[in-house]
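Peer 1: My structure is in work_21.tsv, and what it holds is TSV, C-alpha atoms and all ligand atoms:
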chain	number	residue	atom	x	y	z
A	37	MET	CA	40.77	-25.86	-36.47
A	38	LYS	CA	38.74	-28.88	-35.41
A	39	LEU	CA	40.41	-28.86	-32.01
A	40	SER	CA	39.47	-25.21	-31.50
A	41	ARG	CA	35.82	-25.97	-32.28
A	42	LEU	CA	35.87	-28.87	-29.87
A	43	LYS	CA	37.18	-26.56	-27.15
A	44	SER	CA	34.31	-24.15	-27.78
A	45	ILE	CA	31.77	-26.92	-27.46
A	46	LEU	CA	33.37	-28.19	-24.27
A	47	LEU	CA	33.39	-24.71	-22.77
A	48	LEU	CA	29.67	-24.20	-23.31
A	49	PRO	CA	28.41	-26.38	-20.42
A	50	LEU	CA	30.85	-24.66	-18.07
A	51	ILE	CA	29.53	-21.24	-19.01
A	52	LEU	CA	25.94	-22.38	-18.55
A	53	THR	CA	26.81	-23.74	-15.11
A	54	GLY	CA	28.18	-20.33	-14.20
A	55	ILE	CA	25.00	-18.56	-15.27
A	56	SER	CA	22.86	-21.06	-13.42
A	57	SER	CA	24.58	-20.49	-10.09
A	58	LEU	CA	24.45	-16.69	-10.56
A	59	SER	CA	20.67	-16.83	-10.87
A	60	HIS	CA	20.42	-17.80	-7.19
A	61	ALA	CA	21.92	-14.50	-6.04
A	62	ALA	CA	19.34	-12.31	-4.34
A	63	PRO	CA	17.84	-9.94	-6.95
A	64	TYR	CA	17.80	-6.22	-6.12
A	65	THR	CA	16.82	-3.25	-8.33
A	66	ALA	CA	16.80	0.36	-7.12
A	67	GLY	CA	13.33	1.15	-5.83
A	68	ASP	CA	12.61	-2.35	-4.50
A	69	ILE	CA	11.14	-2.50	-1.01
A	70	PHE	CA	11.46	-5.23	1.61
A	71	MET	CA	9.47	-7.26	4.10
A	72	GLY	CA	11.50	-8.45	7.11
A	73	PHE	CA	10.87	-11.01	9.85
A	74	ARG	CA	12.81	-11.63	13.05
A	75	ILE	CA	12.36	-13.27	16.44
A	76	ASP	CA	13.50	-11.75	19.72
A	77	GLY	CA	16.96	-13.10	20.50
A	78	GLY	CA	17.14	-15.06	17.26
A	79	THR	CA	20.45	-15.70	15.51
A	80	GLN	CA	18.78	-15.59	12.09
A	81	CYS	CA	16.29	-13.25	10.44
A	82	TYR	CA	14.46	-13.33	7.12
A	83	LEU	CA	14.37	-10.62	4.44
A	84	ILE	CA	12.15	-10.69	1.34
A	85	ASN	CA	12.29	-8.40	-1.68
A	86	ILE	CA	8.62	-7.62	-2.39
A	87	GLY	CA	9.38	-5.73	-5.59
A	88	GLN	CA	9.26	-2.15	-6.80
A	89	ALA	CA	7.59	0.45	-4.58
A	90	SER	CA	5.51	1.46	-7.61
A	91	LEU	CA	3.61	-1.85	-7.32
A	92	TYR	CA	2.18	-0.49	-4.06
A	93	LYS	CA	2.14	3.21	-4.93
A	94	SER	CA	0.10	2.61	-8.10
A	95	PRO	CA	-1.30	-0.90	-7.71
A	96	SER	CA	-3.05	-2.44	-10.71
A	97	SER	CA	-5.67	-3.99	-8.43
A	98	SER	CA	-7.25	-2.97	-5.12
A	99	SER	CA	-6.19	-6.32	-3.61
A	100	PHE	CA	-3.55	-8.78	-4.76
A	101	THR	CA	-1.34	-11.61	-3.56
A	102	VAL	CA	2.27	-10.47	-3.20
A	103	PRO	CA	4.50	-12.89	-5.17
A	104	VAL	CA	6.95	-14.04	-2.51
A	105	GLY	CA	7.12	-17.82	-3.06
A	106	ASN	CA	6.63	-20.32	-0.25
A	107	ILE	CA	7.82	-18.11	2.59
A	108	GLY	CA	5.65	-20.10	5.00
A	109	ALA	CA	8.13	-22.97	4.73
A	110	ASP	CA	11.08	-20.64	5.39
A	111	LEU	CA	9.31	-18.91	8.32
A	112	SER	CA	8.55	-22.28	9.94
A	113	ALA	CA	12.14	-23.45	9.42
A	114	ILE	CA	13.66	-20.27	10.90
A	115	PHE	CA	11.19	-19.33	13.67
A	116	GLY	CA	9.32	-22.60	14.33
A	117	GLY	CA	5.98	-23.93	13.14
A	118	THR	CA	4.05	-21.61	15.47
A	119	TRP	CA	5.72	-18.42	14.16
A	120	HIS	CA	2.30	-17.06	13.17
A	121	SER	CA	1.02	-17.02	16.77
A	122	ASN	CA	4.29	-16.05	18.48
A	123	ALA	CA	4.44	-12.54	20.01
A	124	ALA	CA	8.25	-12.67	19.80
A	125	VAL	CA	8.12	-12.89	16.00
A	126	HIS	CA	8.03	-9.44	14.35
A	127	TRP	CA	7.53	-8.24	10.80
A	128	ALA	CA	7.74	-4.96	8.91
A	129	VAL	CA	7.93	-3.41	5.44
A	130	MET	CA	10.39	-0.69	4.44
A	131	GLY	CA	12.51	0.65	1.62
A	132	THR	CA	13.80	3.63	-0.33
A	133	ASN	CA	14.80	4.36	-3.93
A	134	THR	CA	18.24	5.90	-3.37
A	135	ASN	CA	20.22	7.92	-0.87
A	136	ALA	CA	22.46	9.40	-3.55
A	137	ALA	CA	22.48	13.16	-3.87
A	138	GLY	CA	21.66	14.38	-7.33
A	139	THR	CA	18.89	15.53	-9.56
A	140	GLY	CA	15.88	13.83	-10.94
A	141	PRO	CA	13.68	11.12	-9.56
A	142	THR	CA	14.81	7.51	-9.51
A	143	ALA	CA	12.42	4.59	-9.79
A	144	GLY	CA	9.64	7.17	-10.16
A	145	ASP	CA	10.28	8.82	-6.79
A	146	PRO	CA	12.29	11.87	-5.67
A	147	ASN	CA	15.54	10.87	-3.97
A	148	ARG	CA	15.22	9.62	-0.38
A	149	THR	CA	11.53	8.85	-0.67
A	150	LEU	CA	10.86	6.46	2.20
A	151	TYR	CA	8.38	3.63	2.51
A	152	ALA	CA	7.57	2.22	5.94
A	153	SER	CA	4.92	0.16	7.61
A	154	LYS	CA	3.10	0.71	10.88
A	155	ALA	CA	1.25	-2.13	12.62
A	156	GLU	CA	-2.51	-1.64	13.01
A	157	THR	CA	-3.34	-1.40	16.72
A	158	VAL	CA	-7.04	-1.94	15.99
A	159	LEU	CA	-7.38	-4.44	13.21
A	160	GLY	CA	-9.15	-2.94	10.20
A	161	THR	CA	-8.49	0.61	11.36
A	162	GLN	CA	-5.89	2.60	9.47
A	163	GLU	CA	-2.99	4.01	11.51
A	164	ALA	CA	-2.00	7.68	11.37
A	165	PRO	CA	0.80	8.11	8.78
A	166	TRP	CA	4.46	8.56	9.66
A	167	ASN	CA	5.65	12.14	9.31
A	168	ARG	CA	7.75	13.32	6.40
A	169	GLY	CA	11.19	14.79	7.05
A	170	ALA	CA	13.61	17.22	5.42
A	171	THR	CA	16.07	15.90	2.82
A	172	GLY	CA	18.85	15.83	5.40
A	173	THR	CA	16.65	14.12	7.97
A	174	GLN	CA	15.56	11.38	5.57
A	175	ALA	CA	19.20	10.73	4.63
A	176	GLY	CA	19.65	8.82	7.91
A	177	PRO	CA	17.05	6.13	7.32
A	178	ALA	CA	17.70	6.16	3.54
A	179	SER	CA	21.35	5.33	4.19
A	180	LYS	CA	20.40	2.44	6.47
A	181	LEU	CA	17.82	1.17	3.97
A	182	MET	CA	20.48	1.15	1.23
A	183	GLY	CA	22.66	-0.83	3.65
A	184	LEU	CA	19.82	-3.29	4.14
A	185	ALA	CA	19.51	-3.70	0.35
A	186	GLY	CA	23.19	-3.86	-0.57
A	187	ALA	CA	26.13	-6.25	-0.61
A	188	PRO	CA	28.04	-7.91	0.94
A	189	LEU	CA	26.22	-7.87	4.30
A	190	GLY	CA	22.76	-6.73	3.19
A	191	TYR	CA	20.17	-8.43	1.00
A	192	ALA	CA	22.15	-8.48	-2.28
A	193	GLY	CA	25.06	-10.24	-0.59
A	194	TYR	CA	23.03	-13.36	0.13
A	195	ALA	CA	21.71	-16.26	-1.94
A	196	VAL	CA	17.96	-16.79	-2.05
A	197	THR	CA	16.41	-19.83	-0.38
A	198	ALA	CA	15.05	-22.93	-2.09
A	199	ASN	CA	11.51	-21.92	-1.08
A	200	SER	CA	11.51	-18.30	-2.24
A	201	SER	CA	13.34	-16.76	-5.18
A	202	VAL	CA	13.19	-13.40	-3.35
A	203	GLY	CA	13.86	-14.46	0.26
A	204	VAL	CA	17.20	-14.59	2.07
A	205	ILE	CA	18.07	-15.87	5.55
A	206	GLN	CA	20.43	-13.45	7.24
A	207	THR	CA	22.70	-13.79	10.23
A	208	SER	CA	21.15	-11.39	12.75
A	209	SER	CA	24.56	-10.25	14.02
A	210	ASP	CA	25.64	-9.11	10.53
A	211	SER	CA	25.87	-5.34	10.54
A	212	ALA	CA	23.37	-4.93	7.71
A	213	SER	CA	20.86	-7.62	8.64
A	214	TYR	CA	17.18	-6.76	9.04
A	215	ALA	CA	17.42	-7.47	12.79
A	216	SER	CA	20.36	-5.10	13.17
A	217	TYR	CA	18.11	-2.14	12.29
A	218	GLN	CA	15.33	-3.05	14.74
A	219	PRO	CA	15.21	-2.00	18.40
A	220	GLY	CA	14.49	-5.47	19.81
A	221	GLY	CA	16.85	-7.16	17.38
A	222	THR	CA	20.61	-7.16	17.46
A	223	ALA	CA	20.39	-3.36	17.62
A	224	ILE	CA	23.64	-2.65	15.80
A	225	ASN	CA	22.11	0.09	13.67
A	226	SER	CA	18.80	0.80	15.37
A	227	GLY	CA	19.64	3.35	18.05
A	228	GLY	CA	16.78	1.79	20.02
A	229	ILE	CA	14.14	2.52	17.36
A	230	SER	CA	13.56	1.12	13.87
A	231	PHE	CA	16.34	2.26	11.50
A	232	ALA	CA	17.13	4.88	14.19
A	233	TYR	CA	14.15	6.79	12.76
A	234	TRP	CA	10.66	5.27	13.08
A	235	ASN	CA	9.74	5.66	16.71
A	236	PRO	CA	9.12	3.36	18.40
A	237	SER	CA	9.02	0.85	15.54
A	238	ASN	CA	7.75	0.11	12.06
A	239	GLU	CA	7.15	-3.51	13.13
A	240	GLY	CA	4.15	-5.57	14.14
A	241	ASP	CA	4.13	-8.97	15.84
A	242	PHE	CA	2.09	-12.16	15.78
A	243	GLY	CA	0.85	-12.16	19.38
A	244	SER	CA	-2.74	-12.05	18.09
A	245	GLY	CA	-2.09	-14.63	15.40
A	246	ALA	CA	-1.64	-14.12	11.67
A	247	ALA	CA	-5.32	-13.18	11.35
A	248	GLY	CA	-4.78	-10.44	13.93
A	249	ALA	CA	-1.74	-8.91	12.23
A	250	ALA	CA	-1.85	-6.15	9.62
A	251	LEU	CA	0.73	-3.62	8.45
A	252	ASP	CA	-0.31	-0.29	6.93
A	253	LEU	CA	2.15	1.00	4.31
A	254	PHE	CA	3.01	4.71	4.03
A	255	ARG	CA	5.03	6.68	1.48
A	256	MET	CA	7.08	9.64	2.69
A	257	GLN	CA	8.59	11.99	0.15
A	258	THR	CA	11.01	14.45	1.67
A	259	GLY	CA	9.12	17.39	3.11
A	260	THR	CA	8.62	18.99	6.49
A	261	SER	CA	7.85	17.20	9.73
A	262	SER	CA	4.38	18.78	9.80
A	263	GLN	CA	3.49	16.96	6.58
A	264	LEU	CA	2.13	13.46	6.84
A	265	GLY	CA	3.05	10.54	4.66
A	266	THR	CA	0.49	8.99	2.33
A	267	TYR	CA	-1.35	5.78	3.18
A	268	LEU	CA	-0.99	3.29	0.31
A	269	GLY	CA	-2.58	0.09	1.60
A	270	THR	CA	-2.37	-2.74	4.09
A	271	PHE	CA	-0.42	-6.01	4.18
A	272	THR	CA	-1.91	-9.12	5.74
A	273	ILE	CA	-0.48	-12.63	5.93
A	274	THR	CA	-1.95	-16.09	6.50
A	275	SER	CA	-0.48	-18.76	8.77
A	276	ALA	CA	0.68	-20.47	5.55
A	277	GLY	CA	2.69	-17.36	4.63
A	278	VAL	CA	0.44	-16.02	1.84
A	279	VAL	CA	0.89	-12.24	1.78
A	280	THR	CA	-1.89	-9.96	0.50
A	281	PHE	CA	-1.77	-6.22	-0.19
A	282	SER	CA	-5.09	-4.37	-0.17
A	283	THR	CA	-5.86	-0.70	-0.71
A	284	SER	CA	-9.30	-1.09	0.85
A	285	PRO	CA	-9.18	-1.40	4.62
A	286	PRO	CA	-12.75	-1.78	5.91
A	287	VAL	CA	-12.69	1.27	8.19
A	288	THR	CA	-10.37	4.21	8.60
A	289	SER	CA	-9.60	6.15	11.74
A	290	THR	CA	-10.87	9.37	10.13
A	291	PRO	CA	-13.50	10.90	12.44
A	292	GLY	CA	-16.18	11.04	9.74
A	293	PHE	CA	-18.46	13.55	8.01
A	294	ALA	CA	-19.76	15.41	11.09
A	295	ALA	CA	-16.27	16.44	12.24
A	296	TRP	CA	-15.24	17.23	8.67
A	297	ILE	CA	-18.16	19.57	7.89
A	298	ALA	CA	-17.92	21.22	11.32
A	299	GLY	CA	-14.30	21.99	10.48
A	300	PHE	CA	-15.61	24.30	7.72
A	301	GLY	CA	-17.82	26.16	10.20
A	302	LEU	CA	-21.07	24.81	8.74
A	303	THR	CA	-23.91	23.91	11.11
A	304	GLY	CA	-27.58	22.95	10.99
A	305	ALA	CA	-29.21	22.75	7.56
A	306	ASN	CA	-26.06	24.17	5.95
A	307	ALA	CA	-24.17	21.10	7.17
A	308	ALA	CA	-26.59	18.50	5.75
A	309	ALA	CA	-25.02	15.92	3.45
A	310	SER	CA	-27.68	16.55	0.82
A	311	PHE	CA	-27.29	20.35	0.89
A	312	ASP	CA	-25.13	22.17	-1.66
A	313	TYR	CA	-23.91	25.13	0.39
A	314	ASP	CA	-21.56	26.63	-2.23
A	315	ARG	CA	-24.01	25.94	-5.11
A	316	ASP	CA	-21.43	24.23	-7.31
A	317	GLY	CA	-23.82	21.37	-8.02
A	318	ILE	CA	-21.95	19.07	-5.65
A	319	PRO	CA	-23.79	18.24	-2.40
A	320	ASN	CA	-21.80	18.45	0.84
A	321	GLY	CA	-21.76	14.64	1.17
A	322	VAL	CA	-20.14	14.26	-2.25
A	323	GLU	CA	-17.69	17.10	-1.48
A	324	TYR	CA	-16.67	15.00	1.55
A	325	LEU	CA	-16.25	11.84	-0.50
A	326	GLN	CA	-13.96	13.55	-3.01
A	327	GLU	CA	-12.35	15.91	-0.47
A	328	SER	CA	-13.31	19.16	-2.16
A	329	SER	CA	-14.33	22.28	-0.23
A	330	PRO	CA	-18.03	22.66	0.67
A	331	LEU	CA	-17.43	26.45	0.91
A	332	THR	CA	-15.83	27.10	-2.49
A	333	PRO	CA	-17.39	26.30	-5.86
A	334	ASN	CA	-15.25	23.79	-7.69
A	335	ALA	CA	-15.30	21.68	-10.81
A	336	GLY	CA	-15.27	17.93	-10.53
A	337	GLY	CA	-17.90	15.54	-9.37
A	338	PRO	CA	-19.36	12.61	-11.25
A	339	VAL	CA	-19.21	12.33	-15.03
A	340	SER	CA	-21.67	10.41	-17.17
A	341	SER	CA	-21.10	9.43	-20.79
A	342	ARG	CA	-22.14	7.01	-23.46
A	343	ASN	CA	-19.59	4.39	-24.42
A	344	GLY	CA	-20.83	2.33	-27.35
A	345	ALA	CA	-23.90	0.46	-26.18
A	346	ASN	CA	-23.23	1.35	-22.54
A	347	PHE	CA	-24.13	4.18	-20.21
A	348	VAL	CA	-21.07	4.92	-18.05
A	349	PHE	CA	-21.03	6.93	-14.81
A	350	THR	CA	-17.72	7.59	-13.02
A	351	PHE	CA	-16.44	9.45	-9.98
A	352	THR	CA	-13.26	9.57	-7.93
A	353	ARG	CA	-13.31	9.27	-4.16
A	354	SER	CA	-10.76	9.60	-1.40
A	355	ILE	CA	-9.89	6.27	0.23
A	356	ALA	CA	-9.60	8.06	3.58
A	357	ARG	CA	-13.26	9.13	3.29
A	358	LYS	CA	-14.66	5.61	3.08
A	359	THR	CA	-15.75	6.06	6.67
A	360	ALA	CA	-18.31	3.84	8.34
A	361	ASP	CA	-20.86	6.70	8.52
A	362	THR	CA	-21.24	6.97	4.74
A	363	THR	CA	-23.59	5.03	2.48
A	364	THR	CA	-22.88	5.68	-1.17
A	365	THR	CA	-25.26	4.86	-4.01
A	366	ILE	CA	-25.54	5.62	-7.71
A	367	GLU	CA	-29.18	6.14	-8.65
A	368	LEU	CA	-30.66	5.94	-12.15
A	369	GLY	CA	-33.87	7.19	-13.67
A	370	THR	CA	-35.37	8.27	-16.97
A	371	THR	CA	-36.44	11.66	-15.58
A	372	LEU	CA	-34.87	14.06	-13.12
A	373	GLY	CA	-37.87	13.50	-10.84
A	374	SER	CA	-37.43	9.96	-9.66
A	375	TRP	CA	-34.54	7.56	-9.22
A	376	PRO	CA	-35.97	4.05	-9.19
A	377	VAL	CA	-32.79	2.05	-9.93
A	378	VAL	CA	-30.22	2.01	-7.12
A	379	TYR	CA	-26.66	0.66	-7.24
A	380	GLN	CA	-24.78	0.26	-3.96
A	381	VAL	CA	-21.14	1.44	-3.93
A	382	GLY	CA	-19.32	-0.64	-1.32
A	383	THR	CA	-15.76	-0.50	-0.04
A	384	ASP	CA	-14.60	-2.44	-3.11
A	385	THR	CA	-15.96	-4.09	-6.26
A	386	ALA	CA	-16.94	-7.27	-4.43
A	387	THR	CA	-19.16	-5.40	-1.95
A	388	SER	CA	-20.84	-3.29	-4.65
A	389	THR	CA	-23.87	-4.03	-6.86
A	390	PRO	CA	-22.76	-5.84	-10.06
A	391	GLY	CA	-22.03	-3.24	-12.74
A	392	VAL	CA	-19.99	-1.15	-10.29
A	393	THR	CA	-16.20	-1.54	-10.42
A	394	ILE	CA	-13.66	0.14	-8.13
A	395	VAL	CA	-10.01	0.50	-9.12
A	396	PRO	CA	-7.08	2.57	-7.75
A	397	GLY	CA	-7.21	6.18	-8.93
A	398	SER	CA	-4.46	8.04	-10.79
A	399	VAL	CA	-3.66	10.04	-7.64
A	400	ALA	CA	-2.33	8.13	-4.60
A	401	GLY	CA	-4.99	7.77	-1.92
A	402	THR	CA	-7.91	7.86	-4.38
A	403	GLU	CA	-9.94	5.30	-6.24
A	404	ASP	CA	-12.12	5.46	-9.31
A	405	VAL	CA	-15.68	4.17	-9.11
A	406	LYS	CA	-17.38	3.29	-12.39
A	407	LEU	CA	-20.89	2.11	-13.18
A	408	THR	CA	-21.46	0.51	-16.58
A	409	VAL	CA	-25.06	-0.17	-17.66
A	410	PRO	CA	-26.15	-1.40	-21.11
A	411	PHE	CA	-28.66	0.80	-22.93
A	412	THR	CA	-31.65	-1.46	-23.29
A	413	GLU	CA	-34.12	1.04	-24.70
A	414	ALA	CA	-33.99	4.34	-26.56
A	415	VAL	CA	-34.79	6.65	-23.64
A	416	ARG	CA	-32.91	9.37	-21.86
A	417	ARG	CA	-31.14	8.21	-18.77
A	418	PHE	CA	-30.06	10.26	-15.79
A	419	ALA	CA	-27.82	9.24	-12.96
A	420	ARG	CA	-26.85	10.83	-9.68
A	421	LEU	CA	-24.38	10.09	-6.95
A	422	ARG	CA	-25.92	10.08	-3.49
A	423	VAL	CA	-24.08	10.03	-0.17
A	424	VAL	CA	-26.17	9.42	2.93
A	425	ILE	CA	-24.59	10.06	6.32
A	426	THR	CA	-25.65	7.98	9.29
A	427	PRO	CA	-24.39	9.72	12.43
B	501	CA	CA	-21.08	22.05	-3.09
B	502	CA	CA	-17.33	22.87	-3.54
What would the structure in this file look like if it were written as structure tokens?
Ligand SMILES: [Ca+2]
Ligand SMILES: [Ca+2]
Peer 2:
Amino acid sequence: MKLSRLKSILLLPLILTGISSLSHAAPYTAGDIFMGFRIDGGTQCYLINIGQASLYKSPSSSSFTVPVGNIGADLSAIFGGTWHSNAAVHWAVMGTNTNAAGTGPTAGDPNRTLYASKAETVLGTQEAPWNRGATGTQAGPASKLMGLAGAPLGYAGYAVTANSSVGVIQTSSDSASYASYQPGGTAINSGGISFAYWNPSNEGDFGSGAAGAALDLFRMQTGTSSQLGTYLGTFTITSAGVVTFSTSPPVTSTPGFAAWIAGFGLTGANAAASFDYDRDGIPNGVEYLQESSPLTPNAGGPVSSRNGANFVFTFTRSIARKTADTTTTIELGTTLGSWPVVYQVGTDTATSTPGVTIVPGSVAGTEDVKLTVPFTEAVRRFARLRVVITP
């Protein structure tokens, strides 16, 4: 009896040792997406699990640091200390939830939903989204992305590095390495374009330095090739390897209000931002901001309410409509005749007047703007949303 107990006690440290070594295996959960790095002609590449796609699809903040550990140390070790200014060093983001046929969404997405980056050609200007494809078409890249994620030759088959609990260093010539899916890499699985699908590539490089590199992230549910993916946000990286994801690029490539309103056939006074052509109470400029039709009366628009001791004014806007030609303000007054108190609504909370907060909206591609003002006196208070267009 005593001997048996002694054996149990002796076995315990061995079991713990086993668990400890297992914890270094690269962690992968269905729905995780990846950031990859490679260098032209390199024998090694670097693959990082940046977590569930939902972190980027429905981010809890409009800008956050992606928790990847000290990847700067790994990048310097693999690609040299000047990796962040080397045009031969490439990076990209990509992933899928599953390639398995079947019913029901997995990880919150329909099967074969794809995520892929596109490098910004003009820094600060959003790229046009990748197209969506039919279920059968998206099976090709989804299959390769599952290969990238899996074991033994993909991500899950490796041990993580000492610097990053989510980073693995792969042998480029392995058939499921990150480099093997890229056109300039080992090109085992690329077909000359990224994952034999994103043409020419979902990668950017560091020829303009880390400060000149940005990757826009798009989500592509299965659909038709005439449907565009959805822009989710932009990745940037510092020369120290700190990765940031932001849903608020400063400028988008959208042509702006003039082209938008002309597209509805409105001209002259009917096309003014302050005019309410369809008489739904929403001026054309606000219709633009929330992407509702200026021709058809619709519900929506700003909502004001009282919340305890605060006056609260909220509206939802389209991220794609934060074009450089718009100036957005929330104006307050105690009558409907004058609006003496003006709050600026910037591209994010930091660039707005204090009291205004901007957070991701419940629908991808939108954000919610909220003004909170304490009631300081017992008077009526009115607020309006004003969009001024500067051609
Ligand atoms: Ca209207
Ligand atoms: Ca309308």
Peer 1: Could you list, as a short mmCIF file (atom, residue, chain, number, x, y, z; two decimals) with C-alpha atoms, in the coordinates of the input, all protein and nucleic acid residues with an atom at most 7 Å from ligand CA 501 (chain B), counting only C-alpha atoms and all ligand atoms?
Peer 2:
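Saved to out_10.cif:
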data_model
loop_
_atom_site.label_atom_id
_atom_site.label_comp_id
_atom_site.auth_asym_id
_atom_site.auth_seq_id
_atom_site.Cartn_x
_atom_site.Cartn_y
_atom_site.Cartn_z
CA ASP A 312 -25.13 22.17 -1.66
CA TYR A 313 -23.91 25.13 0.39
CA ASP A 314 -21.56 26.63 -2.23
CA ARG A 315 -24.01 25.94 -5.11
CA ASP A 316 -21.43 24.23 -7.31
CA GLY A 317 -23.82 21.37 -8.02
CA ILE A 318 -21.95 19.07 -5.65
CA PRO A 319 -23.79 18.24 -2.40
CA ASN A 320 -21.80 18.45 0.84
CA GLU A 323 -17.69 17.10 -1.48
CA PRO A 330 -18.03 22.66 0.67
CA LEU A 331 -17.43 26.45 0.91
CA PRO A 333 -17.39 26.30 -5.86
#
Peer 1: Can you measure CA of Asn122 in chain A to CA of Ser213 in chain A for me? One decimal in Å is fine.
Peer 2: 21.0 Å
Peer 1: Between CA of Thr408 in chain A and CA of Pro338 in chain A, what is the spacing in Å?
Peer 2: 13.4 Å
Peer 1: Excluding range 157-168 of chain A and any residue of its chain fewer than 6 positions from it, enumerate the residues within 9 Å of it, using all atoms listed in the file, and give them as a tab-separated table (two decimals) with C-alpha atoms, in the coordinates of the input.
Peer 2:
chain	number	residue	atom	x	y	z
A	150	LEU	CA	10.86	6.46	2.20
A	174	GLN	CA	15.56	11.38	5.57
A	234	TRP	CA	10.66	5.27	13.08
A	240	GLY	CA	4.15	-5.57	14.14
A	248	GLY	CA	-4.78	-10.44	13.93
A	249	ALA	CA	-1.74	-8.91	12.23
A	250	ALA	CA	-1.85	-6.15	9.62
A	252	ASP	CA	-0.31	-0.29	6.93
A	253	LEU	CA	2.15	1.00	4.31
A	254	PHE	CA	3.01	4.71	4.03
A	255	ARG	CA	5.03	6.68	1.48
A	256	MET	CA	7.08	9.64	2.69
A	257	GLN	CA	8.59	11.99	0.15
A	258	THR	CA	11.01	14.45	1.67
A	259	GLY	CA	9.12	17.39	3.11
A	260	THR	CA	8.62	18.99	6.49
A	261	SER	CA	7.85	17.20	9.73
A	262	SER	CA	4.38	18.78	9.80
A	263	GLN	CA	3.49	16.96	6.58
A	264	LEU	CA	2.13	13.46	6.84
A	265	GLY	CA	3.05	10.54	4.66
A	266	THR	CA	0.49	8.99	2.33
A	267	TYR	CA	-1.35	5.78	3.18
A	269	GLY	CA	-2.58	0.09	1.60
A	270	THR	CA	-2.37	-2.74	4.09
A	285	PRO	CA	-9.18	-1.40	4.62
A	286	PRO	CA	-12.75	-1.78	5.91
A	287	VAL	CA	-12.69	1.27	8.19
A	288	THR	CA	-10.37	4.21	8.60
A	289	SER	CA	-9.60	6.15	11.74
A	290	THR	CA	-10.87	9.37	10.13
A	356	ALA	CA	-9.60	8.06	3.58
Peer 1: Choose the residue, out of A:Thr426, A:Asn135, A:Thr412, A:Gln326, that has the smallest atom-to-atom separation from ligand CA 502 (chain B); count all atoms listed in the file.
Peer 2: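 Under the stated criterion, the closest residue is A:Gln326.
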Peer 1: If I take CA of Pro95 in chain A and CA of Ser284 in chain A, how far is one from the other in Å, to one decimal?
Peer 2: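 Going from CA of Pro95 in chain A over to CA of Ser284 in chain A covers 11.7 Å.
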Peer 1: Restricting the calculation to only C-alpha atoms and all ligand atoms: of A:Ala124, A:Val279, A:Leu325, A:Val381, which residue gets closest to ligand CA 502 (chain B)?
Peer 2: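 Comparing A:Ala124, A:Val279, A:Leu325, A:Val381 against ligand CA 502 (chain B), the winner is A:Leu325.
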Peer 1: With only C-alpha atoms as the atoms that count, which of A:Ala123, A:Ala187, A:Val399, A:Val392 lies nearest to Ala212 in chain A?
Peer 2: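 Looking only at the distances to Ala212 in chain A, the closest residue turns out to be A:Ala187.
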Peer 1: Might you pull out every residue within 9 Å of Gln380 in chain A, with only C-alpha atoms counted and same-chain residues fewer than 3 positions away left off, and present them as JSON, numbers by chain?
Peer 2: {"A": [363, 364, 365, 366, 367, 387, 388, 389, 390, 392]}
Peer 1: From (26.0, -13.8, 5.8), in the file's coordinates, out to 9 Å: which residues are reached, counting all atoms listed in the file? Answer as a ChimeraX atom specification.
Peer 2: /A:188-190,193-194,205-208,210,213
Peer 1: Around range 363-366 of chain A, with edges along x, y and z and 8 Å added on all six sides, what centre and edge lengths do you get, in Å to one decimal, as AutoDock Vina command-line options?
Peer 2:
--center_x -24.2 --center_y 5.3 --center_z -2.6 --size_x 18.7 --size_y 16.8 --size_z 26.2
